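Trainee: My questions all concern the structure below.
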Amino acid sequence: MSANPESLSVLVTGGSGFVASHAIAQLLQQGHRVTTTVRDLSKQSAVVEMMHQAGVTQTDALRFIEADLMDDHHWADACAGVDYVLHIASPIFLRLPKHEDEMILPAVEGTQRVLKAARDAGVKRVVMTSNFGAVGYSHKDPTQLITEADWTDPNEPGLSPYNKSKVMAERTAWEFMAREGGDMELSVVNPMGIFGPQLSPVMSSGLGLLKAVLDGSMKRLPNITLGIVDVRDVASLHLLAMTHPQAAGERFLALAGGVMTLRDIAELVREKLPHLAVNASRKTLPDWAVRLAALFNDNAKGLKPMLGINRLASNSKATTVLGWQPRTNEEAILSAAQSLEAFGLLT
């Protein structure tokens, strides 16, 4: 990789994650120096392999720091000498928590920990990954576009612990900045359903949902509507928000535009990549059945908060202010399906 006279030093938290790995790859491809945190240094080789999967041949400009969102150790080292921070890491749960605080407290405290370390190190700007759950889950008017001016009420009935953790973590970030952020700036990216190609066999929640639709393990398709964005575009939006002068103090919805139901997704893959949708169901599952199943089934319990959510949202702020140009919903879904096939996850 040739030297870049405009090379920046960037910290990306959670380097083995779906979005973070793509952000690291794009930063390295642009000639920047990247530090990334992993909860265990044994993940280094996996992240390097993900870079190779993304087409990055040289990883000399990538260094690793072991750091945990729930521990103060090493965050000062991670932020030392850094120009910008992309705070993408999020607490990982392989099961639904018994109490919502198991998910909320790590998200909130982890955000505070990263912001404090970044401020103390003299970082110029932090770009934080939030989500649509922090924006649109209290928006009741289906005829009006959801924008970055909207906020989800964390006390919204039926809000999932995950989305509650996201809205509370983002609120915490903005409150921290107003109270003690100093000269540091903050931008926030709020993605909708993230699809696109994975760089490892470890599936994100979005690709896990797509897998369940395509391999037939979801016997009937719930009436769930999704806004969609390609992971590569979520990463590029982080990079735009990192340096664009007009991104400071702003949040940006990340979506390609329009919505798709799970049935739309199944039909798209059936039309374009029929061999990958042989087992996809053509049957729908009524909302009442999902709610009933949620009483005793964790998978249904995870789907229940997604029912009946208005996802008619606008990406115009990101496209007009930052010049962001996302891929289509169709490309995001089809590339995700091809990725699942490439990693042998649909067999």
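Chain labels A, B, ... are given in the sequence in which chains occur in the structure tokens; within each chain residues are numbered consecutively from 1, and ligands are likewise numbered from 1 in the order shown.
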Please, which residues of region 232-277 of chain A, numbered as in this document, come out alpha helix (DSSP H) from DSSP, as a list in words?

Mentor: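 Assigned to alpha helix (DSSP H), within region 232-277 of chain A: Arg232, Asp233, Val234, Ala235, Ser236, Leu237, His238, Leu239, Leu240, Ala241, Met242, Thr243, Leu262, Arg263, Asp264, Ile265, Ala266, Glu267, Leu268, Val269, Arg270, Glu271 and Lys272 of chain A.
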
Trainee: Which residues are close to Arg113 (chain A), i.e. within 12 Å by only C-alpha atoms, leaving aside same-chain residues fewer than 5 positions away? Reply as a PyMOL selection string.

Mentor: chain A and resi 13+67-76+78-79+87+105-108+118-120+169+172-173+176

Trainee: From a backbone DSSP assignment, name each residue in region 186-341 of chain A labelled strand (DSSP E or B), as a short mmCIF file (atom, residue, chain, number, x, y, z; two decimals) with N, CA and C atoms, in the first residue's frame.

Mentor:
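See result-v8.cif below for the written result:
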data_model
loop_
_atom_site.label_atom_id
_atom_site.label_comp_id
_atom_site.auth_asym_id
_atom_site.auth_seq_id
_atom_site.Cartn_x
_atom_site.Cartn_y
_atom_site.Cartn_z
N LEU A 186 -19.34 14.92 17.78
CA LEU A 186 -20.03 13.63 17.68
C LEU A 186 -20.94 13.62 16.46
N SER A 187 -20.91 12.52 15.72
CA SER A 187 -21.89 12.23 14.68
C SER A 187 -22.43 10.83 14.94
N VAL A 188 -23.67 10.59 14.51
CA VAL A 188 -24.30 9.29 14.76
C VAL A 188 -24.89 8.76 13.46
N VAL A 189 -24.70 7.47 13.22
CA VAL A 189 -25.28 6.78 12.07
C VAL A 189 -26.35 5.82 12.60
N ASN A 190 -27.55 5.91 12.01
CA ASN A 190 -28.69 5.09 12.45
C ASN A 190 -29.14 4.17 11.31
N PRO A 191 -28.56 2.98 11.20
CA PRO A 191 -28.92 2.08 10.10
C PRO A 191 -30.26 1.39 10.33
N GLY A 193 -32.25 -2.24 8.54
CA GLY A 193 -31.80 -3.62 8.46
C GLY A 193 -30.57 -3.76 7.59
N ILE A 194 -29.47 -4.27 8.15
CA ILE A 194 -28.19 -4.32 7.44
C ILE A 194 -27.99 -5.68 6.79
N PHE A 195 -27.82 -5.66 5.47
CA PHE A 195 -27.56 -6.87 4.71
C PHE A 195 -26.24 -6.67 3.94
N LEU A 221 -43.70 -17.11 6.99
CA LEU A 221 -43.03 -15.81 7.04
C LEU A 221 -43.91 -14.78 7.76
N PRO A 222 -43.43 -14.24 8.88
CA PRO A 222 -44.19 -13.21 9.58
C PRO A 222 -44.33 -11.96 8.72
N THR A 225 -41.95 -5.89 7.99
CA THR A 225 -41.46 -4.98 6.95
C THR A 225 -40.10 -4.42 7.37
N LEU A 226 -39.17 -4.39 6.45
CA LEU A 226 -37.82 -3.93 6.76
C LEU A 226 -37.41 -2.78 5.85
N ILE A 228 -33.88 -1.35 4.43
CA ILE A 228 -32.67 -2.14 4.13
C ILE A 228 -31.52 -1.23 3.73
N VAL A 229 -30.33 -1.66 4.13
CA VAL A 229 -29.11 -0.96 3.72
C VAL A 229 -27.99 -1.98 3.60
N ASP A 230 -27.11 -1.76 2.65
CA ASP A 230 -25.96 -2.64 2.45
C ASP A 230 -24.87 -2.29 3.46
N ARG A 251 -27.09 13.41 13.27
CA ARG A 251 -27.35 11.98 13.12
C ARG A 251 -27.86 11.72 11.69
N PHE A 252 -27.58 10.52 11.17
CA PHE A 252 -27.91 10.21 9.79
C PHE A 252 -28.55 8.83 9.69
N LEU A 253 -29.78 8.79 9.16
CA LEU A 253 -30.43 7.52 8.88
C LEU A 253 -29.75 6.84 7.70
N ALA A 254 -29.49 5.55 7.84
CA ALA A 254 -28.84 4.78 6.76
C ALA A 254 -29.82 3.75 6.23
N MET A 260 -39.16 -3.58 2.30
CA MET A 260 -39.44 -4.91 1.79
C MET A 260 -39.95 -5.78 2.93
N THR A 261 -40.92 -6.63 2.63
CA THR A 261 -41.36 -7.62 3.60
C THR A 261 -40.49 -8.86 3.48
N THR A 284 -47.46 -17.35 4.81
CA THR A 284 -47.31 -16.25 5.75
C THR A 284 -47.82 -16.67 7.13
N LEU A 285 -47.34 -15.94 8.14
CA LEU A 285 -47.72 -16.20 9.52
C LEU A 285 -48.43 -14.97 10.06
N ALA A 313 -39.08 5.71 5.92
CA ALA A 313 -38.10 6.68 6.40
C ALA A 313 -37.36 7.32 5.23
#

Trainee: Ranking A:Ser281, A:Asn310, A:Thr243, A:Ser339 by minimum distance to Ala54 (chain A) and counting only C-alpha atoms, which one comes first?

Mentor: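 Counting only C-alpha atoms, the residue closest to Ala54 (chain A) is A:Ser339.
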
Trainee: When you look at Asp141 (chain A) with a cut-off of 10 Å (counting only C-alpha atoms), what residues show up, excluding the ones that are within fewer than 3 positions of it in the same chain? I need them as an NGL selection string.

Mentor: :A and (138 or 144-146 or 310 or 312)

Trainee: Store the residues picked out above, limited to all heavy atoms, as a PDB file, in the first residue's frame.

Mentor:
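New file again-v4.pdb:
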ATOM      1  N   SER A 138     -41.427   5.061  17.868  1.00  0.00           N
ATOM      2  CA  SER A 138     -42.558   5.779  18.481  1.00  0.00           C
ATOM      3  C   SER A 138     -43.291   6.631  17.458  1.00  0.00           C
ATOM      4  O   SER A 138     -44.170   7.421  17.813  1.00  0.00           O
ATOM      5  CB  SER A 138     -42.062   6.652  19.638  1.00  0.00           C
ATOM      6  OG  SER A 138     -41.504   5.872  20.670  1.00  0.00           O
ATOM      7  N   GLN A 144     -46.402   9.970   7.205  1.00  0.00           N
ATOM      8  CA  GLN A 144     -45.324  10.958   7.305  1.00  0.00           C
ATOM      9  C   GLN A 144     -43.974  10.265   7.379  1.00  0.00           C
ATOM     10  O   GLN A 144     -43.788   9.318   8.154  1.00  0.00           O
ATOM     11  CB  GLN A 144     -45.527  11.836   8.538  1.00  0.00           C
ATOM     12  CG  GLN A 144     -44.502  12.962   8.655  1.00  0.00           C
ATOM     13  CD  GLN A 144     -44.796  13.867   9.844  1.00  0.00           C
ATOM     14  OE1 GLN A 144     -45.828  13.737  10.490  1.00  0.00           O
ATOM     15  NE2 GLN A 144     -43.881  14.777  10.126  1.00  0.00           N
ATOM     16  N   LEU A 145     -43.032  10.740   6.566  1.00  0.00           N
ATOM     17  CA  LEU A 145     -41.698  10.150   6.554  1.00  0.00           C
ATOM     18  C   LEU A 145     -41.003  10.312   7.901  1.00  0.00           C
ATOM     19  O   LEU A 145     -41.058  11.365   8.528  1.00  0.00           O
ATOM     20  CB  LEU A 145     -40.841  10.825   5.482  1.00  0.00           C
ATOM     21  CG  LEU A 145     -40.949  10.329   4.043  1.00  0.00           C
ATOM     22  CD1 LEU A 145     -40.066  11.191   3.144  1.00  0.00           C
ATOM     23  CD2 LEU A 145     -40.547   8.867   3.920  1.00  0.00           C
ATOM     24  N   ILE A 146     -40.328   9.252   8.314  1.00  0.00           N
ATOM     25  CA  ILE A 146     -39.500   9.304   9.510  1.00  0.00           C
ATOM     26  C   ILE A 146     -38.156   9.924   9.141  1.00  0.00           C
ATOM     27  O   ILE A 146     -37.543   9.570   8.122  1.00  0.00           O
ATOM     28  CB  ILE A 146     -39.286   7.889  10.069  1.00  0.00           C
ATOM     29  CG1 ILE A 146     -40.631   7.291  10.482  1.00  0.00           C
ATOM     30  CG2 ILE A 146     -38.317   7.895  11.249  1.00  0.00           C
ATOM     31  CD1 ILE A 146     -40.581   5.801  10.755  1.00  0.00           C
ATOM     32  N   ASN A 310     -43.829   1.091  11.611  1.00  0.00           N
ATOM     33  CA  ASN A 310     -43.761   1.938  10.420  1.00  0.00           C
ATOM     34  C   ASN A 310     -42.299   2.201  10.086  1.00  0.00           C
ATOM     35  O   ASN A 310     -41.557   2.767  10.905  1.00  0.00           O
ATOM     36  CB  ASN A 310     -44.498   3.255  10.700  1.00  0.00           C
ATOM     37  CG  ASN A 310     -44.319   4.262   9.586  1.00  0.00           C
ATOM     38  OD1 ASN A 310     -44.110   3.903   8.431  1.00  0.00           O
ATOM     39  ND2 ASN A 310     -44.400   5.542   9.923  1.00  0.00           N
ATOM     40  N   LEU A 312     -41.301   3.696   7.020  1.00  0.00           N
ATOM     41  CA  LEU A 312     -41.219   4.611   5.885  1.00  0.00           C
ATOM     42  C   LEU A 312     -40.338   5.788   6.294  1.00  0.00           C
ATOM     43  O   LEU A 312     -40.786   6.733   6.938  1.00  0.00           O
ATOM     44  CB  LEU A 312     -42.616   5.090   5.488  1.00  0.00           C
ATOM     45  CG  LEU A 312     -42.695   5.925   4.203  1.00  0.00           C
ATOM     46  CD1 LEU A 312     -42.222   5.117   3.004  1.00  0.00           C
ATOM     47  CD2 LEU A 312     -44.122   6.421   3.983  1.00  0.00           C
TER      48      LEU A 312
END

Trainee: Excluding same-chain residues fewer than 5 positions from Gln26 (chain A), what lies within 10 Å of it counting only C-alpha atoms, as a count of residues only?

Mentor: 12
